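Here's the structure we're looking at; comments come further down.
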Amino acid sequence: MGVFAFLQRIFSSKPAASERRDKPRINAREGTRVLIVDDSPTIVALLRKLLQQNGYATLEAGDAEEGIRLAQVELPDLIFLDIVLPGMNGFAALRQLRRDSRTKEIPIIMISGNEQATEQFYAQRIGADDFMKKPFSRAEVFMRIERLLNAEKVPFRVSQAARRDV
């Protein structure tokens, strides 16, 4: 699929039939702050547009170091973190975010188009709450977010939910 076809599919106002859901989508509360950490301007722009169209506020970083700094200062409600980044990779950033008391409970969705990174993620299981493979659809972005919402429509860590079920 070419870039144009991919972007057209993502930004089209009518979702593909396969992406339609039987039940209405549940969004996070209005103003939920999402940090996007990705070195691809196209992916950042795509996520920004999808999220802002649905009432989310976005913060953006092009590398892991800036993403960690923004997460520590801004304390977003949710982070989309690419695995393959210049300098520090997403796995190292994830470990650092999980070790920091300020950011350890922020839900993190890892994203990557690299097949090896996908396999590595599943092998390591180092603390991400979900994973999304590029290219992704509008429906997948919101399905991943919806899986992390609590009753108040606030994203929460999967580990917190597991602790509640015990």
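Scheme for the structure tokens: letters A, B, ... for chains in order shown; per-chain residue numbers from 1; ligand numbers from 1 in order shown.
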DSSP on the backbone, strand (DSSP E) only: what residues of region 40-75 of chain A does that give? Format it as number ranges by chain. A: 57-61
Spatial neighbours of Ile83 (chain A), 6 Å, only C-alpha atoms, chain gap at least 2 places, as a PDB file with C-alpha atoms, in the first residue's frame:
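out.pdb written:
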```
ATOM      1  CA  ASN A  89      15.536   3.200  21.728  1.00  0.00           C
ATOM      2  CA  GLY A  90      11.983   2.813  22.983  1.00  0.00           C
ATOM      3  CA  SER A 112       6.760  -0.120  15.725  1.00  0.00           C
TER       4      SER A 112
END
```
Taking only C-alpha atoms into account, name the residue in A:Asn114, A:Thr58, A:Asn27, A:Ser101 that is nearest to Asp77 (chain A). A:Thr58
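Taking CA of Pro86 (chain A) and CA of Pro107 (chain A) as the two end points, the separation is 22.4 Å.
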Which residues come within 12 Å of Gly62 (chain A), counting only C-alpha atoms, excluding same-chain residues fewer than 6 positions away, as an MDAnalysis selection string? chainID A and resid 35:45 68:70 80:90
Write the selection just made, keeping C-alpha atoms, as a tab-separated table (two decimals), in the first residue's frame?
```tsv
chain	number	residue	atom	x	y	z
A	35	LEU	CA	2.43	12.10	24.63
A	36	ILE	CA	3.50	10.87	21.18
A	37	VAL	CA	7.17	9.82	20.98
A	38	ASP	CA	8.13	9.00	17.39
A	39	ASP	CA	10.82	10.20	14.99
A	40	SER	CA	8.49	9.98	11.97
A	41	PRO	CA	6.78	13.33	11.31
A	42	THR	CA	4.11	11.42	9.35
A	43	ILE	CA	3.22	9.15	12.29
A	44	VAL	CA	3.26	12.09	14.72
A	45	ALA	CA	0.98	14.14	12.43
A	68	ILE	CA	11.24	11.09	28.88
A	69	ARG	CA	11.80	14.76	29.77
A	70	LEU	CA	8.29	15.72	28.61
A	80	PHE	CA	2.50	6.28	22.51
A	81	LEU	CA	6.19	5.26	22.35
A	82	ASP	CA	7.95	4.12	19.18
A	83	ILE	CA	10.50	1.35	19.64
A	84	VAL	CA	12.98	2.33	16.92
A	85	LEU	CA	14.19	5.85	17.70
A	86	PRO	CA	17.44	7.75	17.09
A	87	GLY	CA	19.79	7.54	20.08
A	88	MET	CA	18.05	5.77	22.96
A	89	ASN	CA	15.54	3.20	21.73
A	90	GLY	CA	11.98	2.81	22.98
```
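Nearest-residue note for Gln52 (chain A): choosing from A:Ile126, A:Ile111, A:Leu94, A:Ala28, the minimum distance belongs to A:Ala28, counting only C-alpha atoms.
As for CA of Ala128 (chain A) and CA of Leu75 (chain A), they are spaced 16.4 Å apart.
Shortest separation to Arg29 (chain A) among A:Val154, A:Ala71, A:Leu59, A:Leu46 occurs at residue A:Val154, atoms counted being only C-alpha atoms.
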